[in-house]
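Below: work_2.txt (compact mmCIF, C-alpha atoms)
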```txt
# COMPACT_ATOMS: atom_id res chain seq x y z
CA MET A 297 13.30 79.39 82.29
CA SER A 298 15.40 76.77 80.49
CA LEU A 299 18.97 78.01 80.07
CA PRO A 300 21.44 77.15 77.31
CA THR A 301 25.04 76.33 78.16
CA SER A 302 26.54 78.66 75.57
CA MET A 303 25.74 82.15 74.28
CA LYS A 304 26.74 84.65 71.62
CA ALA A 305 28.98 87.42 72.91
CA VAL A 306 31.23 90.16 71.55
CA VAL A 307 34.90 89.87 72.51
CA ILE A 308 37.79 92.28 72.01
CA VAL A 309 40.55 90.59 70.03
CA GLY A 310 43.68 92.54 70.91
CA SER A 311 43.14 96.29 70.90
CA GLY A 312 42.53 98.85 68.19
CA GLY A 313 39.73 100.02 65.91
CA PRO A 314 36.16 98.77 65.70
CA ASP A 315 37.29 95.76 63.66
CA VAL A 316 38.81 94.12 66.78
CA LEU A 317 35.27 93.40 68.03
CA SER A 318 34.28 89.83 67.18
CA LEU A 319 31.15 87.78 67.81
CA THR A 320 31.88 84.36 69.31
CA ASP A 321 30.40 81.58 71.46
CA LEU A 322 31.10 81.61 75.20
CA PRO A 323 29.70 79.75 78.23
CA VAL A 324 26.66 81.34 79.88
CA PRO A 325 27.86 82.97 83.14
CA GLN A 326 26.58 81.63 86.44
CA PRO A 327 25.16 84.14 88.95
CA LYS A 328 27.06 84.27 92.25
CA ALA A 329 25.51 84.92 95.66
CA GLY A 330 23.42 88.09 95.53
CA GLU A 331 23.51 88.20 91.73
CA VAL A 332 20.92 87.68 89.02
CA LEU A 333 21.39 86.35 85.51
CA ILE A 334 19.81 88.58 82.87
CA LYS A 335 18.75 87.33 79.43
CA VAL A 336 19.78 90.44 77.53
CA ALA A 337 17.35 92.13 75.15
CA ALA A 338 19.46 95.21 74.43
CA ALA A 339 22.76 96.75 75.49
CA GLY A 340 23.82 100.38 75.47
CA VAL A 341 27.00 101.50 73.70
CA ASN A 342 29.09 104.04 75.60
CA ARG A 343 32.36 105.92 75.25
CA PRO A 344 34.06 103.75 77.92
CA ASP A 345 33.39 100.72 75.69
CA VAL A 346 35.40 102.44 72.96
CA LEU A 347 38.22 103.21 75.39
CA GLN A 348 38.26 99.60 76.57
CA ARG A 349 38.43 98.38 72.96
CA GLN A 350 41.38 100.69 72.37
CA GLY A 351 43.18 99.24 75.38
CA ASN A 352 42.81 102.39 77.51
CA TYR A 353 40.14 101.35 80.04
CA PRO A 354 40.57 97.83 81.45
CA PRO A 355 37.67 96.25 83.36
CA PRO A 356 37.86 96.10 87.16
CA LYS A 357 39.80 93.12 88.47
CA GLY A 358 37.65 90.02 88.80
CA HIS A 359 34.92 91.20 86.44
CA SER A 360 34.00 90.26 82.88
CA GLU A 361 36.44 91.36 80.19
CA LEU A 362 33.62 91.67 77.67
CA PRO A 363 32.56 95.22 76.80
CA GLY A 364 29.16 96.60 77.73
CA LEU A 365 28.17 98.59 80.83
CA GLU A 366 24.37 98.66 80.63
CA VAL A 367 21.67 96.23 79.58
CA SER A 368 17.97 95.55 79.63
CA GLY A 369 16.28 92.17 79.59
CA VAL A 370 14.51 89.66 81.79
CA ILE A 371 15.70 87.78 84.86
CA ALA A 372 16.73 84.29 83.77
CA ALA A 373 18.11 82.87 87.03
CA LEU A 374 18.82 83.88 90.64
CA GLY A 375 22.04 83.43 92.58
CA GLU A 376 22.00 82.29 96.18
CA GLY A 377 20.30 84.83 98.42
CA ALA A 378 19.03 87.03 95.59
CA GLY A 379 15.40 87.81 96.27
CA GLN A 380 14.50 91.27 95.00
CA PHE A 381 13.35 89.93 91.63
CA ALA A 382 11.72 86.79 90.24
CA VAL A 383 12.60 84.85 87.12
CA GLY A 384 10.87 86.54 84.19
CA ASP A 385 10.91 90.06 85.67
CA PRO A 386 11.91 92.77 83.14
CA VAL A 387 14.85 94.88 84.34
CA MET A 388 17.56 97.30 83.34
CA ALA A 389 20.98 97.14 84.96
CA LEU A 390 24.35 98.83 85.30
CA VAL A 391 27.01 96.15 84.84
CA PRO A 392 30.81 96.38 85.32
CA GLY A 393 31.28 94.59 81.97
CA GLY A 394 29.82 91.78 79.90
CA GLY A 395 26.83 93.62 78.46
CA TYR A 396 27.59 92.77 74.82
CA ALA A 397 26.23 89.24 75.21
CA GLU A 398 23.05 87.19 75.30
CA PHE A 399 23.37 86.72 79.08
CA VAL A 400 25.08 88.71 81.84
CA ALA A 401 25.34 88.22 85.60
CA VAL A 402 25.18 91.24 87.90
CA SER A 403 24.42 92.15 91.51
CA GLU A 404 20.69 92.51 92.03
CA LEU A 405 21.45 95.84 93.76
CA CYS A 406 22.42 97.32 90.38
CA CYS A 407 19.11 96.41 88.73
CA ILE A 408 16.02 98.55 88.29
CA ARG A 409 12.65 97.10 87.36
CA LYS A 410 11.73 98.13 83.80
CA PRO A 411 8.42 100.00 83.62
CA GLU A 412 5.94 98.91 80.94
CA ALA A 413 5.90 102.44 79.55
CA ILE A 414 9.41 102.16 78.09
CA SER A 415 10.82 99.72 75.55
CA PHE A 416 13.76 97.40 76.12
CA VAL A 417 15.83 99.54 73.74
CA GLU A 418 15.06 102.67 75.76
CA ALA A 419 15.69 100.82 79.01
CA ALA A 420 19.14 99.70 77.83
CA ALA A 421 20.02 103.36 77.19
CA ILE A 422 19.26 104.46 80.75
CA PRO A 423 21.61 102.97 83.40
CA GLU A 424 25.09 104.16 82.44
CA THR A 425 24.11 107.76 81.75
CA PHE A 426 21.51 108.19 84.50
CA PHE A 427 23.71 106.59 87.18
CA THR A 428 26.63 108.78 86.05
CA VAL A 429 24.68 112.03 85.79
CA TRP A 430 22.72 111.59 89.01
CA HIS A 431 25.78 110.73 91.07
CA ASN A 432 28.03 113.43 89.64
CA VAL A 433 25.62 116.32 89.10
CA PHE A 434 23.39 115.92 92.13
CA ASP A 435 25.35 113.84 94.69
CA ARG A 436 28.81 115.31 94.04
CA GLY A 437 27.98 118.59 92.28
CA HIS A 438 25.04 119.38 94.59
CA LEU A 439 23.09 121.10 91.81
CA LYS A 440 20.04 122.90 93.14
CA ALA A 441 17.01 124.61 91.63
CA ARG A 442 17.64 128.09 90.20
CA GLU A 443 21.37 127.42 89.81
CA LYS A 444 23.19 127.61 86.48
CA PHE A 445 24.56 124.36 85.05
CA LEU A 446 26.91 123.63 82.13
CA VAL A 447 27.38 120.21 80.54
CA HIS A 448 29.79 119.66 77.68
CA GLY A 449 28.84 117.40 74.79
CA GLY A 450 25.15 118.18 74.97
CA THR A 451 24.03 115.60 72.41
CA SER A 452 26.07 112.69 73.77
CA GLY A 453 24.36 110.10 75.93
CA ILE A 454 25.59 111.89 79.05
CA GLY A 455 24.65 115.26 77.59
CA VAL A 456 21.04 114.53 76.67
CA THR A 457 20.52 113.01 80.13
CA ALA A 458 22.20 115.84 82.03
CA ILE A 459 20.32 118.56 80.14
CA GLN A 460 16.95 117.00 80.88
CA LEU A 461 17.60 116.09 84.52
CA ALA A 462 19.05 119.50 85.36
CA LYS A 463 16.13 121.26 83.65
CA ALA A 464 13.57 119.01 85.36
CA PHE A 465 14.97 119.98 88.75
CA GLY A 466 14.86 123.70 88.06
CA ALA A 467 18.33 124.66 86.82
CA THR A 468 19.22 127.01 83.98
CA VAL A 469 21.09 124.81 81.51
CA PHE A 470 24.06 125.69 79.31
CA THR A 471 25.67 123.19 76.97
CA THR A 472 28.26 122.87 74.22
CA ALA A 473 27.97 120.90 70.99
CA GLY A 474 29.89 120.57 67.74
CA SER A 475 27.40 121.85 65.16
CA ASP A 476 24.41 124.13 64.79
CA GLU A 477 22.24 121.04 64.24
CA LYS A 478 23.40 119.56 67.53
CA CYS A 479 22.88 122.86 69.32
CA GLU A 480 19.31 122.92 68.05
CA ALA A 481 18.77 119.35 69.28
CA ALA A 482 20.13 120.33 72.69
CA ARG A 483 17.75 123.28 72.90
CA ALA A 484 14.85 120.99 71.96
CA LEU A 485 15.74 118.85 74.98
CA GLY A 486 15.62 121.86 77.30
CA ALA A 487 19.00 123.62 77.12
CA ASP A 488 18.57 127.36 77.65
CA VAL A 489 21.86 128.22 75.95
CA ALA A 490 23.59 125.92 73.43
CA ILE A 491 27.08 126.92 72.30
CA ASN A 492 28.72 125.67 69.10
CA TYR A 493 32.25 125.13 70.38
CA ARG A 494 33.63 125.05 66.83
CA SER A 495 32.64 128.67 66.18
CA GLU A 496 32.35 130.18 69.68
CA ASP A 497 34.45 130.36 72.85
CA PHE A 498 32.17 128.81 75.45
CA ALA A 499 33.89 130.63 78.33
CA GLN A 500 33.27 134.00 76.68
CA VAL A 501 29.64 133.13 75.87
CA ILE A 502 29.00 132.11 79.47
CA LYS A 503 30.61 135.30 80.72
CA ASN A 504 28.34 137.34 78.46
CA GLU A 505 25.18 135.35 79.23
CA THR A 506 25.67 135.50 83.01
CA ALA A 507 26.84 139.13 83.22
CA GLY A 508 30.22 137.87 84.35
CA LYS A 509 28.88 135.83 87.28
CA GLY A 510 29.53 132.41 85.76
CA VAL A 511 27.75 129.11 86.33
CA ASP A 512 27.39 127.08 89.52
CA VAL A 513 28.10 123.52 88.34
CA ILE A 514 29.98 122.12 85.33
CA LEU A 515 29.94 118.47 84.23
CA ASP A 516 32.94 117.86 81.98
CA MET A 517 34.15 114.80 80.09
CA VAL A 518 36.56 116.67 77.81
CA GLY A 519 39.44 117.81 80.02
CA GLY A 520 42.61 119.20 78.46
CA ASP A 521 42.35 122.93 77.79
CA TYR A 522 38.70 122.84 78.88
CA ILE A 523 39.85 122.52 82.50
CA GLU A 524 41.19 126.07 82.69
CA LYS A 525 38.21 127.43 80.74
CA ASN A 526 35.84 125.62 83.08
CA ILE A 527 37.48 127.25 86.08
CA ARG A 528 37.11 130.65 84.43
CA SER A 529 33.45 129.88 83.69
CA LEU A 530 32.52 129.02 87.27
CA GLY A 531 31.06 131.58 89.63
CA ASP A 532 31.70 131.96 93.34
CA ASP A 533 31.41 128.64 95.23
CA GLY A 534 31.14 126.83 91.88
CA ARG A 535 31.70 123.10 91.46
CA LEU A 536 33.58 121.40 88.61
CA VAL A 537 32.95 117.67 88.20
CA ASN A 538 35.13 115.69 85.78
CA ILE A 539 34.05 112.24 84.61
CA ALA A 540 36.36 111.71 81.61
CA PHE A 541 39.27 113.31 79.77
CA GLN A 542 38.87 113.03 76.00
CA LYS A 543 41.45 115.81 75.49
CA GLY A 544 43.77 114.70 78.27
CA SER A 545 43.87 114.72 82.08
CA THR A 546 46.54 117.40 82.55
CA ALA A 547 46.32 121.17 82.27
CA THR A 548 48.05 124.35 83.37
CA VAL A 549 45.81 126.10 85.88
CA ASP A 550 46.21 129.29 87.90
CA PHE A 551 44.85 128.12 91.25
CA ILE A 552 44.38 131.67 92.47
CA ARG A 553 40.99 131.52 90.72
CA VAL A 554 40.11 128.40 92.67
CA MET A 555 41.02 130.10 95.94
CA LEU A 556 39.40 133.48 95.27
CA LYS A 557 36.14 131.96 93.99
CA ARG A 558 36.11 129.17 96.63
CA LEU A 559 35.72 126.50 93.94
CA THR A 560 35.32 122.77 94.44
CA LEU A 561 37.07 120.49 91.93
CA THR A 562 35.94 116.87 92.03
CA GLY A 563 35.29 113.86 89.86
CA SER A 564 34.55 110.16 89.90
CA THR A 565 34.37 106.95 87.94
CA LEU A 566 31.54 104.52 88.60
CA ARG A 567 32.85 101.28 87.15
CA ILE A 568 35.17 100.49 90.06
CA ARG A 569 32.67 101.38 92.79
CA THR A 570 31.05 98.67 94.88
CA SER A 571 27.66 97.17 94.14
CA GLU A 572 26.42 98.73 97.37
CA VAL A 573 27.33 102.24 96.18
CA LYS A 574 25.76 101.60 92.77
CA GLY A 575 22.69 100.23 94.53
CA GLU A 576 22.26 103.47 96.45
CA ILE A 577 22.40 105.40 93.18
CA ALA A 578 19.90 102.98 91.61
CA ARG A 579 17.43 103.64 94.42
CA SER A 580 17.81 107.42 93.92
CA ILE A 581 17.10 107.02 90.21
CA GLU A 582 14.02 104.91 90.96
CA GLU A 583 12.73 107.62 93.29
CA HIS A 584 13.66 110.80 91.46
CA ALA A 585 14.28 110.10 87.76
CA LEU A 586 12.23 107.08 86.75
CA PRO A 587 8.85 108.78 87.35
CA LEU A 588 9.96 111.59 85.01
CA ILE A 589 10.86 109.04 82.33
CA VAL A 590 7.60 107.13 82.69
CA SER A 591 5.57 110.35 82.50
CA GLY A 592 7.42 111.40 79.33
CA LYS A 593 8.85 114.54 80.90
CA ILE A 594 12.33 113.13 80.28
CA LYS A 595 12.94 111.49 76.90
CA ILE A 596 15.42 108.76 76.01
CA PRO A 597 16.71 109.89 72.60
CA ILE A 598 17.87 106.88 70.57
CA ASP A 599 20.26 107.75 67.77
CA SER A 600 20.48 104.28 66.23
CA THR A 601 20.29 100.55 66.91
CA TYR A 602 22.48 97.72 65.63
CA PRO A 603 22.24 93.94 66.04
CA LEU A 604 24.80 92.46 68.42
CA ALA A 605 26.76 91.06 65.48
CA GLN A 606 27.27 94.62 64.20
CA ALA A 607 28.92 95.98 67.35
CA SER A 608 31.84 97.20 65.25
CA GLU A 609 29.48 99.37 63.17
CA ALA A 610 27.97 100.76 66.36
CA HIS A 611 31.44 101.71 67.61
CA ALA A 612 32.27 103.34 64.29
CA ARG A 613 29.09 105.40 64.62
CA MET A 614 30.09 106.53 68.11
CA GLU A 615 33.61 107.44 67.03
CA SER A 616 32.23 109.53 64.18
CA SER A 617 30.65 111.81 66.81
CA ALA A 618 27.72 112.23 64.43
CA HIS A 619 25.25 110.63 66.84
CA ILE A 620 22.61 112.53 68.78
CA GLY A 621 21.52 110.50 71.81
CA LYS A 622 22.20 106.85 72.57
CA ILE A 623 23.46 104.00 70.39
CA VAL A 624 22.01 100.60 71.35
CA LEU A 625 22.75 96.99 70.41
CA THR A 626 19.72 94.72 70.06
CA VAL A 627 20.37 91.21 71.29
CA ALA A 628 17.15 89.16 71.24
```
Render the structure in this file as C-alpha cells.
Amino acid sequence: MSLPTSMKAVVIVGSGGPDVLSLTDLPVPQPKAGEVLIKVAAAGVNRPDVLQRQGNYPPPKGHSELPGLEVSGVIAALGEGAGQFAVGDPVMALVPGGGYAEFVAVSELCCIRKPEAISFVEAAAIPETFFTVWHNVFDRGHLKAREKFLVHGGTSGIGVTAIQLAKAFGATVFTTAGSDEKCEAARALGADVAINYRSEDFAQVIKNETAGKGVDVILDMVGGDYIEKNIRSLGDDGRLVNIAFQKGSTATVDFIRVMLKRLTLTGSTLRIRTSEVKGEIARSIEEHALPLIVSGKIKIPIDSTYPLAQASEAHARMESSAHIGKIVLTVA
C-alpha cells in the first residue's frame, strides 16, 4: 500500500467548546516496534473525547494528543516485529489517542479483525465501549447469570453495550435514562426495567422492584449524589464499579452500609493501561462478544455519522445528550 507523507487530522486548539476542534494537515505517524498503522475508515466519538477537548482529560504521556479512542480501517503498514496482521487486513482497534485522523498507529495487541458481517461504521463503534464494559462489568464486577445488574445512562454508548452484554449472559437488567423515549429504546435493547431518572427516584424503584433486596452489580459513570444512592441500591455482597464522574467524584457516604452489606467498591480507567492489558481484554471480546455481534444477537446502535471535518458537530450532538447509541466520524 502506497502511503502519503501527510494526512488530515482533527486537532484541539486550546480548550473549550466544540469550536476548538479544527481539521488540519499533519505528518502520517510511523508505526513503532509491535505496532500497526491503520488507514482509518471511521472513528467513534466518546465522552472522554469531549472531556479531553475541554481540558479535563489529557492523553497518557508519550501518546498522541489528537482526540479519538477507537477506529476501524485497514492495515496500511507494519512496525518491526508486528506479525498478527497483514497489510490490507480490515480491523477495529482501541487507541490511546489519535483516532480523529486518516491514519493512526497502535499496538497490534489492541486490534481485532473486523468480521465481514459488520460495517466499518459499526466496527468503529465497538472497541471503546466493549473493552470498557467487558473489563468493568465482567472482569471487575464479576457479573454472573441470574444476577441483577444496573447501568446508568442506558442509551449512551456504554449503556447500549452494557444492557445487551449483561442480558446475553443471563442477567436481569435495570437501567436509567433521561426520557420516556430513551427508556423505551433501552427496553427494546433488552433492559427489563428502565427508569426515567427525571421523574423517578431510581433507588426507590429498585427497592420496589427487588422487594428490598437490591441489585448485585452497578456500572456507574455519573458519580456525585448517585454514589450514595448506588450503595443503597446494592444488595448483600454487591459490587459498585465507577468508570466516570459526570456529576463529580466526591460524595458523603455512610460506610456502615458498605460494611453491613459486604459491598465491593471499585473502578478503573482503560486509557492509561498497558497494551498487554488491553490485548487481554481484546482476546476476551473476540471469544465472548464478537460471535454475538456477528450473529446479530447484540446490535451496534448508531445514532448518527459525521464526516471527519464535522467533528465539532459530532461533539455538539454528544453534549446535547439527545443521542441514542453511538456517534461515529467517517474518514474515508
Under the rule of at most 9 Å, produce a per-residue listing of segment 533-627 of chain A near segment 342-355 of chain A: chain, number, name, the closest pair of atoms, and the distance in Å, as a tab-separated table, using all atoms listed in the file.
```
residue	atom	partner	partner_atom	distance
A:Arg567	CA	A:Pro355	CA	7.9
A:Ile568	CA	A:Pro355	CA	8.3
A:His611	CA	A:Val346	CA	6.7
A:Met614	CA	A:Arg343	CA	7.5
A:Glu615	CA	A:Val346	CA	8.0
A:Lys622	CA	A:Asn342	CA	8.0
A:Ile623	CA	A:Asn342	CA	7.7
A:Val624	CA	A:Asn342	CA	8.9
```
What are the closest atom pairs, with distances in Å to one decimal, for all residues of segment 554-627 of chain A lying within 9 Å of segment 468-490 of chain A? Consider all atoms listed in the file, order rows by chain and residue number, and present the result as a tab-separated table.
```
residue	atom	partner	partner_atom	distance
A:Ile594	CA	A:Leu485	CA	8.5
A:Lys595	CA	A:Leu485	CA	8.1
A:Ser617	CA	A:Gly474	CA	8.8
A:Ile620	CA	A:Lys478	CA	7.2
```
Keeping only C-alpha atoms, write the selected residues to a file as a PDB file, keeping the file's coordinate frame.
```
ATOM      1  CA  ILE A 594      12.330 113.130  80.280  1.00  0.00           C
ATOM      2  CA  LYS A 595      12.940 111.490  76.900  1.00  0.00           C
ATOM      3  CA  SER A 617      30.650 111.810  66.810  1.00  0.00           C
ATOM      4  CA  ILE A 620      22.610 112.530  68.780  1.00  0.00           C
TER       5      ILE A 620
END
```
Within 7 Å of file point (12.7, 101.5, 85.4), counting all atoms listed in the file, expressed as an MDAnalysis selection string: chainID A and resid 388 408:411 582 586
Using all atoms listed in the file, I'd like a table of the residues in segment 359-464 of chain A that come within 9 Å of segment 521-541 of chain A; for each, show the closest atom pair and its distance in Å rounded to one decimal, ordered by chain and ascending number, as a Markdown table.
```
| residue | atom | partner | partner_atom | distance |
| --- | --- | --- | --- | --- |
| A:Thr428 | CA | A:Ile539 | CA | 8.3 |
| A:Asn432 | CA | A:Val537 | CA | 6.7 |
| A:Val433 | CA | A:Val537 | CA | 7.5 |
| A:Arg436 | CA | A:Val537 | CA | 7.5 |
| A:Gly437 | CA | A:Arg535 | CA | 5.9 |
| A:His438 | CA | A:Arg535 | CA | 8.2 |
| A:Leu439 | CA | A:Arg535 | CA | 8.8 |
```
Could you give me, as a compact mmCIF listing (two decimals) with C-alpha atoms, keeping the file's coordinate frame, the residues that sit within 9 Å of (9.7, 89.7, 85.6) in the file's coordinates, counting all atoms listed in the file?
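Result went into out_23.txt, see below:
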```txt
# COMPACT_ATOMS: atom_id res chain seq x y z
CA VAL A 370 14.51 89.66 81.79
CA ILE A 371 15.70 87.78 84.86
CA PHE A 381 13.35 89.93 91.63
CA ALA A 382 11.72 86.79 90.24
CA VAL A 383 12.60 84.85 87.12
CA GLY A 384 10.87 86.54 84.19
CA ASP A 385 10.91 90.06 85.67
CA PRO A 386 11.91 92.77 83.14
CA VAL A 387 14.85 94.88 84.34
CA ARG A 409 12.65 97.10 87.36
CA LYS A 410 11.73 98.13 83.80
```
Which residues are close to Ala378 of chain A, i.e. within 10 Å by all atoms listed in the file, leaving aside same-chain residues fewer than 2 positions away? Reply as a PyMOL selection string. chain A and resi 327-332+373-376+380-382+403-405
Do you have the atom CA of Phe498 of chain A-atom CA of Asp435 of chain A distance handy?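 Distance reported for this atom pair: 25.3 Å.
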Using all atoms of segment 425-435 of chain A that appear in the file, construct an axis-aligned enclosing box with 4 Å of padding on every side and provide its centre coordinates and edge lengths in Å, rounded to one decimal, as AutoDock Vina command-line options.
```
--center_x 24.8 --center_y 111.5 --center_z 88.2 --size_x 14.5 --size_y 17.7 --size_z 20.9
```
Close residues, Thr457 of chain A itself excluded, 8 Å, all atoms listed in the file, min 2 positions apart in chain, as a ChimeraX atom specification: /A:425-426,429,453-455,459-461,596
Give me the residues near Gly395 of chain A as a PDB file with C-alpha atoms, keeping the file's coordinate frame, where near means some atom within 9 Å (using all atoms listed in the file) and where sequence neighbours in that chain fewer than 5 positions away do not count.
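The resulting file, part29.pdb, is shown below:
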```pdb
ATOM      1  CA  ALA A 305      28.980  87.420  72.910  1.00  0.00           C
ATOM      2  CA  VAL A 306      31.230  90.160  71.550  1.00  0.00           C
ATOM      3  CA  VAL A 336      19.780  90.440  77.530  1.00  0.00           C
ATOM      4  CA  ALA A 338      19.460  95.210  74.430  1.00  0.00           C
ATOM      5  CA  ALA A 339      22.760  96.750  75.490  1.00  0.00           C
ATOM      6  CA  GLY A 340      23.820 100.380  75.470  1.00  0.00           C
ATOM      7  CA  LEU A 362      33.620  91.670  77.670  1.00  0.00           C
ATOM      8  CA  PRO A 363      32.560  95.220  76.800  1.00  0.00           C
ATOM      9  CA  GLY A 364      29.160  96.600  77.730  1.00  0.00           C
ATOM     10  CA  LEU A 365      28.170  98.590  80.830  1.00  0.00           C
ATOM     11  CA  GLU A 366      24.370  98.660  80.630  1.00  0.00           C
ATOM     12  CA  VAL A 367      21.670  96.230  79.580  1.00  0.00           C
ATOM     13  CA  LEU A 390      24.350  98.830  85.300  1.00  0.00           C
ATOM     14  CA  VAL A 400      25.080  88.710  81.840  1.00  0.00           C
TER      15      VAL A 400
END
```
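With distances restricted to only C-alpha atoms, A:Ser545 is the closest residue to Val518 of chain A from A:Val573, A:Ser495, A:Val501, A:Ser545.
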Separating atom CA of Ser415 of chain A from atom CA of Val590 of chain A, to the nearest tenth of an Å, is a gap of 10.8 Å
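Computed from the coordinates, the atom CA of Ser452 of chain A to atom CA of Asp599 of chain A distance equals 9.7 Å.
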What lies within 7 Å of Gly466 of chain A using all atoms listed in the file, ignoring chain neighbours under 4 positions off, as a list in words?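 My reading of the contact set: Ala441, Arg442 and Ala462 of chain A.
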Using only C-alpha atoms, the shortest atom-to-atom distance to Lys463 of chain A among A:Thr451, A:Leu588, A:Ala372, A:Met303 belongs to A:Leu588
Can you tell me which residues surround segment 576-580 of chain A at a distance of at most 8 Å, considering all atoms listed in the file, apart from same-chain residues fewer than 4 positions away, and format the answer as a VMD selection string? chain A and resid 405 to 408 427 430 to 431 572 584 to 585
